[in-house]
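Structure file target-v4.pdb (PDB, C-alpha atoms, pLDDT in the B column) is printed below.
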ATOM      1  CA  MET A   1       9.006 -11.496  27.048  1.00 83.00           C
ATOM      2  CA  SER A   2       8.093 -14.966  25.791  1.00 91.00           C
ATOM      3  CA  ALA A   3       9.516 -16.322  22.526  1.00 93.00           C
ATOM      4  CA  SER A   4       6.036 -16.396  20.988  1.00 94.00           C
ATOM      5  CA  VAL A   5       5.324 -12.750  21.732  1.00 95.00           C
ATOM      6  CA  TYR A   6       8.783 -11.764  20.542  1.00 96.00           C
ATOM      7  CA  ASN A   7       8.345 -13.612  17.243  1.00 96.00           C
ATOM      8  CA  ILE A   8       4.898 -12.105  16.730  1.00 96.00           C
ATOM      9  CA  ILE A   9       6.436  -8.649  17.100  1.00 97.00           C
ATOM     10  CA  ILE A  10       9.138  -9.437  14.543  1.00 97.00           C
ATOM     11  CA  ALA A  11       6.503 -10.834  12.184  1.00 97.00           C
ATOM     12  CA  ALA A  12       4.442  -7.662  12.584  1.00 97.00           C
ATOM     13  CA  VAL A  13       7.473  -5.539  11.755  1.00 97.00           C
ATOM     14  CA  SER A  14       8.099  -7.594   8.603  1.00 97.00           C
ATOM     15  CA  VAL A  15       4.454  -7.148   7.596  1.00 96.00           C
ATOM     16  CA  GLY A  16       4.836  -3.405   8.092  1.00 96.00           C
ATOM     17  CA  TYR A  17       7.957  -3.456   5.939  1.00 96.00           C
ATOM     18  CA  VAL A  18       6.242  -5.113   2.974  1.00 94.00           C
ATOM     19  CA  PHE A  19       3.182  -2.877   3.176  1.00 93.00           C
ATOM     20  CA  ALA A  20       5.436   0.178   3.465  1.00 94.00           C
ATOM     21  CA  VAL A  21       7.290  -0.812   0.290  1.00 92.00           C
ATOM     22  CA  VAL A  22       4.026  -1.090  -1.660  1.00 88.00           C
ATOM     23  CA  ALA A  23       2.726   2.216  -0.267  1.00 89.00           C
ATOM     24  CA  PHE A  24       6.056   3.908  -0.967  1.00 90.00           C
ATOM     25  CA  MET A  25       6.096   2.770  -4.589  1.00 87.00           C
ATOM     26  CA  ASP A  26       2.420   3.666  -5.012  1.00 82.00           C
ATOM     27  CA  PHE A  27       3.304   7.218  -4.001  1.00 87.00           C
ATOM     28  CA  PHE A  28       6.056   7.409  -6.600  1.00 84.00           C
ATOM     29  CA  VAL A  29       3.920   5.847  -9.339  1.00 82.00           C
ATOM     30  CA  ARG A  30       1.368   8.594  -8.705  1.00 83.00           C
ATOM     31  CA  LYS A  31       4.203  11.063  -9.258  1.00 82.00           C
ATOM     32  CA  GLY A  32       5.061   9.497 -12.603  1.00 83.00           C
ATOM     33  CA  PHE A  33       7.498   6.752 -11.622  1.00 80.00           C
ATOM     34  CA  PRO A  34       7.477   4.001 -14.334  1.00 83.00           C
ATOM     35  CA  GLN A  35       5.044   1.218 -13.452  1.00 79.00           C
ATOM     36  CA  GLU A  36       7.290  -1.564 -14.754  1.00 80.00           C
ATOM     37  CA  LEU A  37      10.215  -0.306 -12.656  1.00 84.00           C
ATOM     38  CA  SER A  38       7.950  -0.013  -9.617  1.00 84.00           C
ATOM     39  CA  ARG A  39       6.864  -3.617 -10.132  1.00 83.00           C
ATOM     40  CA  LYS A  40      10.466  -4.795  -9.999  1.00 87.00           C
ATOM     41  CA  VAL A  41      11.334  -2.706  -6.945  1.00 90.00           C
ATOM     42  CA  VAL A  42       8.442  -4.364  -5.110  1.00 89.00           C
ATOM     43  CA  HIS A  43       9.586  -7.739  -6.468  1.00 90.00           C
ATOM     44  CA  ILE A  44      13.115  -7.314  -5.065  1.00 94.00           C
ATOM     45  CA  ALA A  45      12.026  -5.723  -1.785  1.00 93.00           C
ATOM     46  CA  ALA A  46       9.371  -8.359  -1.063  1.00 91.00           C
ATOM     47  CA  GLY A  47      11.810 -11.165  -1.763  1.00 92.00           C
ATOM     48  CA  SER A  48      14.206  -9.568   0.724  1.00 96.00           C
ATOM     49  CA  TRP A  49      11.737 -10.125   3.572  1.00 96.00           C
ATOM     50  CA  LEU A  50      13.710 -13.198   4.629  1.00 95.00           C
ATOM     51  CA  VAL A  51      16.454 -11.016   6.140  1.00 96.00           C
ATOM     52  CA  PHE A  52      14.056 -10.662   9.081  1.00 97.00           C
ATOM     53  CA  TRP A  53      14.763 -14.325   9.830  1.00 98.00           C
ATOM     54  CA  ILE A  54      17.927 -13.328  11.695  1.00 97.00           C
ATOM     55  CA  PHE A  55      15.727 -11.716  14.362  1.00 96.00           C
ATOM     56  CA  PHE A  56      13.382 -14.660  14.973  1.00 97.00           C
ATOM     57  CA  ASP A  57      13.776 -16.949  17.971  1.00 95.00           C
ATOM     58  CA  GLN A  58      14.261 -20.270  16.192  1.00 93.00           C
ATOM     59  CA  SER A  59      13.638 -22.341  19.319  1.00 92.00           C
ATOM     60  CA  ASN A  60       9.909 -21.654  19.226  1.00 91.00           C
ATOM     61  CA  TYR A  61       7.252 -22.827  16.755  1.00 93.00           C
ATOM     62  CA  SER A  62       6.167 -19.211  16.344  1.00 95.00           C
ATOM     63  CA  LYS A  63       9.190 -18.723  14.069  1.00 96.00           C
ATOM     64  CA  TYR A  64       6.825 -19.782  11.296  1.00 97.00           C
ATOM     65  CA  PHE A  65       4.988 -16.503  11.733  1.00 97.00           C
ATOM     66  CA  ASN A  66       7.714 -15.231   9.422  1.00 97.00           C
ATOM     67  CA  ILE A  67       5.376 -16.042   6.534  1.00 97.00           C
ATOM     68  CA  ALA A  68       2.807 -13.498   7.749  1.00 97.00           C
ATOM     69  CA  PRO A  69       3.619 -10.891   5.045  1.00 96.00           C
ATOM     70  CA  ALA A  70       3.345 -13.487   2.286  1.00 96.00           C
ATOM     71  CA  ALA A  71       0.176 -15.073   3.681  1.00 97.00           C
ATOM     72  CA  ILE A  72      -1.564 -11.721   4.065  1.00 96.00           C
ATOM     73  CA  TRP A  73      -0.586 -10.602   0.580  1.00 94.00           C
ATOM     74  CA  ALA A  74      -1.584 -13.934  -0.942  1.00 95.00           C
ATOM     75  CA  VAL A  75      -5.121 -13.379   0.344  1.00 95.00           C
ATOM     76  CA  LEU A  76      -5.113  -9.722  -0.701  1.00 92.00           C
ATOM     77  CA  LEU A  77      -3.901 -10.554  -4.207  1.00 92.00           C
ATOM     78  CA  LEU A  78      -6.668 -13.091  -4.647  1.00 93.00           C
ATOM     79  CA  ILE A  79      -9.234 -10.520  -3.586  1.00 92.00           C
ATOM     80  CA  LYS A  80      -7.710  -7.659  -5.556  1.00 90.00           C
ATOM     81  CA  GLY A  81      -7.238  -9.833  -8.634  1.00 88.00           C
ATOM     82  CA  PHE A  82     -11.020 -10.104  -8.918  1.00 89.00           C
ATOM     83  CA  THR A  83     -12.297  -6.879  -7.363  1.00 88.00           C
ATOM     84  CA  ALA A  84      -9.620  -4.149  -7.461  1.00 82.00           C
ATOM     85  CA  LYS A  85     -10.160  -0.872  -9.270  1.00 83.00           C
ATOM     86  CA  GLU A  86      -7.651   0.652 -11.687  1.00 77.00           C
ATOM     87  CA  ASP A  87      -6.296   3.062  -9.078  1.00 77.00           C
ATOM     88  CA  ASP A  88      -5.626   0.321  -6.505  1.00 81.00           C
ATOM     89  CA  GLU A  89      -2.032   0.603  -5.239  1.00 79.00           C
ATOM     90  CA  ALA A  90      -1.359  -3.096  -5.818  1.00 78.00           C
ATOM     91  CA  VAL A  91      -2.543  -2.861  -9.429  1.00 80.00           C
ATOM     92  CA  LYS A  92      -0.316   0.147 -10.078  1.00 77.00           C
ATOM     93  CA  THR A  93       2.805  -1.185  -8.354  1.00 76.00           C
ATOM     94  CA  MET A  94       2.674  -4.920  -9.147  1.00 78.00           C
ATOM     95  CA  THR A  95       1.350  -5.192 -12.697  1.00 75.00           C
ATOM     96  CA  ARG A  96       2.860  -4.478 -16.109  1.00 74.00           C
ATOM     97  CA  THR A  97      -0.226  -3.138 -17.855  1.00 74.00           C
ATOM     98  CA  GLY A  98      -2.634  -2.119 -15.110  1.00 75.00           C
ATOM     99  CA  ASP A  99      -4.744  -5.262 -15.580  1.00 79.00           C
ATOM    100  CA  LYS A 100      -5.804  -6.513 -12.128  1.00 85.00           C
ATOM    101  CA  LYS A 101      -5.806 -10.118 -13.394  1.00 88.00           C
ATOM    102  CA  GLU A 102      -2.007  -9.972 -13.493  1.00 86.00           C
ATOM    103  CA  LEU A 103      -2.064 -10.035  -9.686  1.00 88.00           C
ATOM    104  CA  LEU A 104      -3.340 -13.616  -9.850  1.00 88.00           C
ATOM    105  CA  ARG A 105      -0.274 -14.769 -11.745  1.00 88.00           C
ATOM    106  CA  GLY A 106       3.297 -13.613 -11.075  1.00 85.00           C
ATOM    107  CA  PRO A 107       2.737 -11.682  -7.818  1.00 89.00           C
ATOM    108  CA  PHE A 108       0.487 -14.404  -6.350  1.00 93.00           C
ATOM    109  CA  TYR A 109       2.929 -17.169  -7.313  1.00 94.00           C
ATOM    110  CA  PHE A 110       5.684 -15.141  -5.675  1.00 93.00           C
ATOM    111  CA  THR A 111       3.824 -15.082  -2.343  1.00 95.00           C
ATOM    112  CA  ILE A 112       3.308 -18.851  -2.527  1.00 96.00           C
ATOM    113  CA  VAL A 113       7.056 -19.317  -2.994  1.00 96.00           C
ATOM    114  CA  MET A 114       7.683 -17.088   0.035  1.00 96.00           C
ATOM    115  CA  ILE A 115       5.323 -19.221   2.111  1.00 97.00           C
ATOM    116  CA  VAL A 116       7.043 -22.446   1.028  1.00 96.00           C
ATOM    117  CA  MET A 117      10.479 -21.046   1.799  1.00 97.00           C
ATOM    118  CA  GLY A 118       9.366 -19.692   5.161  1.00 97.00           C
ATOM    119  CA  THR A 119       7.908 -23.016   6.276  1.00 97.00           C
ATOM    120  CA  LEU A 120       9.584 -25.984   4.590  1.00 96.00           C
ATOM    121  CA  PHE A 121      12.979 -24.305   4.189  1.00 96.00           C
ATOM    122  CA  PHE A 122      13.097 -21.784   7.021  1.00 96.00           C
ATOM    123  CA  TYR A 123      16.693 -20.689   7.645  1.00 95.00           C
ATOM    124  CA  GLU A 124      18.134 -23.125   5.109  1.00 95.00           C
ATOM    125  CA  SER A 125      20.597 -22.236   2.370  1.00 95.00           C
ATOM    126  CA  VAL A 126      18.169 -23.251  -0.371  1.00 96.00           C
ATOM    127  CA  ALA A 127      15.829 -20.451   0.715  1.00 97.00           C
ATOM    128  CA  ALA A 128      18.577 -17.835   0.713  1.00 97.00           C
ATOM    129  CA  VAL A 129      19.775 -18.898  -2.727  1.00 96.00           C
ATOM    130  CA  SER A 130      16.281 -19.285  -4.210  1.00 96.00           C
ATOM    131  CA  MET A 131      15.033 -15.912  -3.004  1.00 97.00           C
ATOM    132  CA  GLY A 132      18.286 -14.223  -3.962  1.00 97.00           C
ATOM    133  CA  ILE A 133      18.077 -15.487  -7.532  1.00 97.00           C
ATOM    134  CA  LEU A 134      14.324 -15.005  -7.809  1.00 96.00           C
ATOM    135  CA  GLY A 135      14.310 -11.573  -6.191  1.00 95.00           C
ATOM    136  CA  TRP A 136      17.443  -9.966  -7.587  1.00 96.00           C
ATOM    137  CA  GLY A 137      18.113 -11.981 -10.749  1.00 95.00           C
ATOM    138  CA  ASP A 138      14.553 -12.089 -12.006  1.00 93.00           C
ATOM    139  CA  GLY A 139      13.976  -8.572 -10.720  1.00 91.00           C
ATOM    140  CA  ILE A 140      16.818  -6.877 -12.600  1.00 94.00           C
ATOM    141  CA  ALA A 141      16.940  -8.995 -15.773  1.00 92.00           C
ATOM    142  CA  PRO A 142      13.810  -7.568 -17.485  1.00 89.00           C
ATOM    143  CA  LEU A 143      14.952  -4.001 -16.838  1.00 90.00           C
ATOM    144  CA  VAL A 144      18.373  -4.640 -18.363  1.00 92.00           C
ATOM    145  CA  GLY A 145      16.860  -6.625 -21.222  1.00 89.00           C
ATOM    146  CA  LYS A 146      14.371  -3.898 -22.047  1.00 87.00           C
ATOM    147  CA  LYS A 147      16.953  -1.104 -22.081  1.00 86.00           C
ATOM    148  CA  TYR A 148      20.072  -2.844 -23.355  1.00 89.00           C
ATOM    149  CA  GLY A 149      18.796  -6.072 -24.908  1.00 81.00           C
ATOM    150  CA  LYS A 150      19.942  -5.832 -28.517  1.00 85.00           C
ATOM    151  CA  HIS A 151      20.647  -9.521 -29.080  1.00 86.00           C
ATOM    152  CA  LYS A 152      17.336 -11.366 -28.947  1.00 89.00           C
ATOM    153  CA  TYR A 153      16.362 -15.007 -28.778  1.00 87.00           C
ATOM    154  CA  ASN A 154      12.975 -16.675 -28.555  1.00 83.00           C
ATOM    155  CA  PHE A 155      12.157 -20.047 -26.998  1.00 81.00           C
ATOM    156  CA  VAL A 156       8.729 -19.385 -25.513  1.00 78.00           C
ATOM    157  CA  THR A 157       8.792 -15.594 -25.212  1.00 81.00           C
ATOM    158  CA  GLU A 158      11.263 -13.108 -26.654  1.00 83.00           C
ATOM    159  CA  LYS A 159      14.187 -12.360 -24.373  1.00 88.00           C
ATOM    160  CA  SER A 160      17.736 -11.101 -24.767  1.00 91.00           C
ATOM    161  CA  TYR A 161      21.197 -12.386 -24.017  1.00 93.00           C
ATOM    162  CA  GLU A 162      21.895  -9.147 -22.149  1.00 94.00           C
ATOM    163  CA  GLY A 163      18.879  -9.762 -19.919  1.00 93.00           C
ATOM    164  CA  SER A 164      19.914 -13.367 -19.290  1.00 95.00           C
ATOM    165  CA  LEU A 165      23.436 -12.260 -18.372  1.00 96.00           C
ATOM    166  CA  ALA A 166      21.945  -9.752 -15.934  1.00 96.00           C
ATOM    167  CA  PHE A 167      19.771 -12.525 -14.503  1.00 96.00           C
ATOM    168  CA  PHE A 168      22.850 -14.657 -13.862  1.00 97.00           C
ATOM    169  CA  LEU A 169      25.025 -11.889 -12.405  1.00 97.00           C
ATOM    170  CA  PHE A 170      22.393 -10.325 -10.168  1.00 97.00           C
ATOM    171  CA  GLY A 171      21.115 -13.773  -9.199  1.00 97.00           C
ATOM    172  CA  VAL A 172      24.600 -14.647  -7.960  1.00 97.00           C
ATOM    173  CA  PHE A 173      24.762 -11.300  -6.156  1.00 97.00           C
ATOM    174  CA  GLY A 174      21.382 -11.767  -4.457  1.00 97.00           C
ATOM    175  CA  ALA A 175      22.122 -15.352  -3.442  1.00 97.00           C
ATOM    176  CA  CYS A 176      25.514 -14.374  -2.022  1.00 97.00           C
ATOM    177  CA  LEU A 177      23.989 -11.403  -0.207  1.00 97.00           C
ATOM    178  CA  PHE A 178      21.261 -13.400   1.520  1.00 97.00           C
ATOM    179  CA  SER A 179      23.607 -16.297   2.292  1.00 97.00           C
ATOM    180  CA  TYR A 180      26.050 -13.948   3.957  1.00 97.00           C
ATOM    181  CA  ILE A 181      23.361 -12.125   5.935  1.00 97.00           C
ATOM    182  CA  LEU A 182      21.729 -15.327   7.193  1.00 96.00           C
ATOM    183  CA  PHE A 183      24.703 -17.631   7.596  1.00 95.00           C
ATOM    184  CA  ASP A 184      27.776 -15.395   7.498  1.00 94.00           C
ATOM    185  CA  GLU A 185      28.968 -17.752   4.769  1.00 93.00           C
ATOM    186  CA  ILE A 186      28.680 -17.925   0.984  1.00 94.00           C
ATOM    187  CA  TYR A 187      28.040 -21.321  -0.618  1.00 89.00           C
ATOM    188  CA  LEU A 188      29.630 -20.284  -3.890  1.00 93.00           C
ATOM    189  CA  LYS A 189      29.638 -23.674  -5.651  1.00 93.00           C
ATOM    190  CA  TYR A 190      25.951 -24.243  -4.941  1.00 93.00           C
ATOM    191  CA  ILE A 191      25.097 -20.649  -5.874  1.00 96.00           C
ATOM    192  CA  LEU A 192      26.918 -20.829  -9.200  1.00 96.00           C
ATOM    193  CA  ILE A 193      25.347 -24.153 -10.158  1.00 96.00           C
ATOM    194  CA  CYS A 194      21.881 -22.880  -9.252  1.00 95.00           C
ATOM    195  CA  SER A 195      22.466 -19.629 -11.111  1.00 96.00           C
ATOM    196  CA  VAL A 196      23.523 -21.391 -14.300  1.00 96.00           C
ATOM    197  CA  PHE A 197      20.612 -23.825 -14.075  1.00 95.00           C
ATOM    198  CA  THR A 198      18.010 -21.166 -13.300  1.00 96.00           C
ATOM    199  CA  THR A 199      19.330 -18.860 -16.045  1.00 96.00           C
ATOM    200  CA  PHE A 200      18.457 -21.601 -18.515  1.00 94.00           C
ATOM    201  CA  ILE A 201      15.089 -22.209 -16.812  1.00 93.00           C
ATOM    202  CA  GLU A 202      14.252 -18.509 -16.936  1.00 93.00           C
ATOM    203  CA  ALA A 203      15.228 -18.360 -20.606  1.00 91.00           C
ATOM    204  CA  VAL A 204      12.706 -21.033 -21.595  1.00 90.00           C
ATOM    205  CA  SER A 205       9.920 -20.107 -19.147  1.00 87.00           C
ATOM    206  CA  PRO A 206       6.672 -18.332 -20.029  1.00 83.00           C
ATOM    207  CA  LYS A 207       6.056 -15.012 -18.285  1.00 79.00           C
ATOM    208  CA  ASP A 208       5.165 -15.264 -14.574  1.00 77.00           C
ATOM    209  CA  ILE A 209       5.608 -19.048 -14.427  1.00 89.00           C
ATOM    210  CA  ASP A 210       9.316 -18.488 -13.811  1.00 88.00           C
ATOM    211  CA  ASN A 211       8.388 -17.292 -10.314  1.00 91.00           C
ATOM    212  CA  ILE A 212       7.630 -20.941  -9.590  1.00 94.00           C
ATOM    213  CA  LEU A 213      10.135 -22.705 -11.847  1.00 94.00           C
ATOM    214  CA  ILE A 214      13.193 -20.786 -10.583  1.00 94.00           C
ATOM    215  CA  PRO A 215      12.849 -21.816  -6.909  1.00 95.00           C
ATOM    216  CA  LEU A 216      11.867 -25.348  -7.967  1.00 95.00           C
ATOM    217  CA  ALA A 217      15.129 -25.556  -9.909  1.00 94.00           C
ATOM    218  CA  CYS A 218      17.061 -24.397  -6.842  1.00 94.00           C
ATOM    219  CA  ILE A 219      15.324 -27.005  -4.688  1.00 94.00           C
ATOM    220  CA  PHE A 220      16.154 -29.706  -7.234  1.00 92.00           C
ATOM    221  CA  VAL A 221      19.852 -28.758  -7.214  1.00 91.00           C
ATOM    222  CA  TYR A 222      19.784 -28.502  -3.405  1.00 89.00           C
ATOM    223  CA  PHE A 223      18.590 -32.089  -2.941  1.00 86.00           C
ATOM    224  CA  PHE A 224      20.728 -33.407  -5.786  1.00 86.00           C
ATOM    225  CA  MET A 225      23.882 -31.968  -4.200  1.00 79.00           C
TER
END

Serialized structure, structure tokens:
Amino acid sequence: MSASVYNIIIAAVSVGYVFAVVAFMDFFVRKGFPQELSRKVVHIAAGSWLVFWIFFDQSNYSKYFNIAPAAIWAVLLLIKGFTAKEDDEAVKTMTRTGDKKELLRGPFYFTIVMIVMGTLFFYESVAAVSMGILGWGDGIAPLVGKKYGKHKYNFVTEKSYEGSLAFFLFGVFGACLFSYILFDEIYLKYILICSVFTTFIEAVSPKDIDNILIPLACIFVYFFM
């Protein structure tokens, strides 16, 4: 089997994984699973797509097919953001309020970040750290903040110190997890610096824009170090 064919197969499997996550959560939302929690499960699971990188043949240009799930969903989100109906699975699993226009913000920005990481930073530590913090940190923080956030602060939008602490802790966890899976090594100093920096960025970011600002902060630290 040629490297190109092999990488296409791995890419197809990763596409199936992302679509399966959305379909799976759509099923549970129909059964009464909270929409906001579903949104974050999809957020974390989609950001974890980069673990498929360990299966790609890196010697062939077709390794860049790893972005297939993100590219497909970027197109779908653009279409669904303008035309989807209320019962569309993407609307129910990826939005806070059921407004299809939300798909054109946070979820769409997230796919763009995935594409950038899968092309410009394929199999580099900055991608593992960025997606770990963005996926896990930003995925868990709102849930913790909503349930346990008793100490509020407000820069641009209201958030809580409990949520920010969760962002930092789970961001460190996600970054360490992906670094270990991809490189069998944890770049703890870099991860901690990025986590502190991005915790501040997330605290002062408007909703959805943090999906872009968090990885940009990681990239800035990456090149600075």

Evaluate the PyMOL selection byres ((chain A and resi 154) around 12) against this structure - the residues, as a VMD selection string, please. chain A and resid 151 to 153 155 to 161 202 to 206

With only C-alpha atoms as the basis for distance, which of A:Gly81, A:Asn60, A:Ala90, A:Ala71 is at the shortest distance from Ser2 in chain A? A:Asn60

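Distances here use all atoms listed in the file; by that measure, the residue among A:Ile133, A:Val21, A:Ala217, A:Val144 closest to Gly163 in chain A is A:Val144.
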
At most 9 Å is the cut-off: for each residue in range 128-207 of chain A with any atom that close to an atom of range 102-114 of chain A, write down the nearest atom pair and the distance in Å rounded to one decimal, counting only C-alpha atoms, chain first then increasing number, as a tab-separated table.
residue	atom	partner	partner_atom	distance
A:Met131	CA	A:Met114	CA	8.0
A:Leu134	CA	A:Phe110	CA	8.9
A:Lys207	CA	A:Gly106	CA	7.8

Quick one: apply the PyMOL selection byres ((chain A and resi 92) around 12) to the file and drop the selected residues here as a compact mmCIF listing (two decimals) with C-alpha atoms, keeping the file's coordinate frame.
# COMPACT_ATOMS: atom_id res chain seq x y z
CA VAL A 22 4.03 -1.09 -1.66
CA ALA A 23 2.73 2.22 -0.27
CA PHE A 24 6.06 3.91 -0.97
CA MET A 25 6.10 2.77 -4.59
CA ASP A 26 2.42 3.67 -5.01
CA PHE A 27 3.30 7.22 -4.00
CA PHE A 28 6.06 7.41 -6.60
CA VAL A 29 3.92 5.85 -9.34
CA ARG A 30 1.37 8.59 -8.70
CA LYS A 31 4.20 11.06 -9.26
CA GLY A 32 5.06 9.50 -12.60
CA PHE A 33 7.50 6.75 -11.62
CA PRO A 34 7.48 4.00 -14.33
CA GLN A 35 5.04 1.22 -13.45
CA GLU A 36 7.29 -1.56 -14.75
CA LEU A 37 10.22 -0.31 -12.66
CA SER A 38 7.95 -0.01 -9.62
CA ARG A 39 6.86 -3.62 -10.13
CA LYS A 40 10.47 -4.80 -10.00
CA VAL A 42 8.44 -4.36 -5.11
CA LYS A 80 -7.71 -7.66 -5.56
CA ALA A 84 -9.62 -4.15 -7.46
CA LYS A 85 -10.16 -0.87 -9.27
CA GLU A 86 -7.65 0.65 -11.69
CA ASP A 87 -6.30 3.06 -9.08
CA ASP A 88 -5.63 0.32 -6.50
CA GLU A 89 -2.03 0.60 -5.24
CA ALA A 90 -1.36 -3.10 -5.82
CA VAL A 91 -2.54 -2.86 -9.43
CA THR A 93 2.80 -1.18 -8.35
CA MET A 94 2.67 -4.92 -9.15
CA THR A 95 1.35 -5.19 -12.70
CA ARG A 96 2.86 -4.48 -16.11
CA THR A 97 -0.23 -3.14 -17.86
CA GLY A 98 -2.63 -2.12 -15.11
CA ASP A 99 -4.74 -5.26 -15.58
CA LYS A 100 -5.80 -6.51 -12.13
CA GLU A 102 -2.01 -9.97 -13.49
CA LEU A 103 -2.06 -10.04 -9.69

Residues near Phe224 in chain A, anyone? I mean within 12 Å using only C-alpha atoms, not counting same-chain ones fewer than 3 positions away, as a PyMOL selection string. chain A and resi 126+190+193-194+217-221

So what do you get for CA of Phe173 in chain A versus CA of Trp136 in chain A, distance-wise? 7.6 Å

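Take the candidates A:Ile79, A:Met225, A:Val196, A:Val51 and check each one against Gly171 in chain A using only C-alpha atoms; the shortest distance goes to A:Val196.
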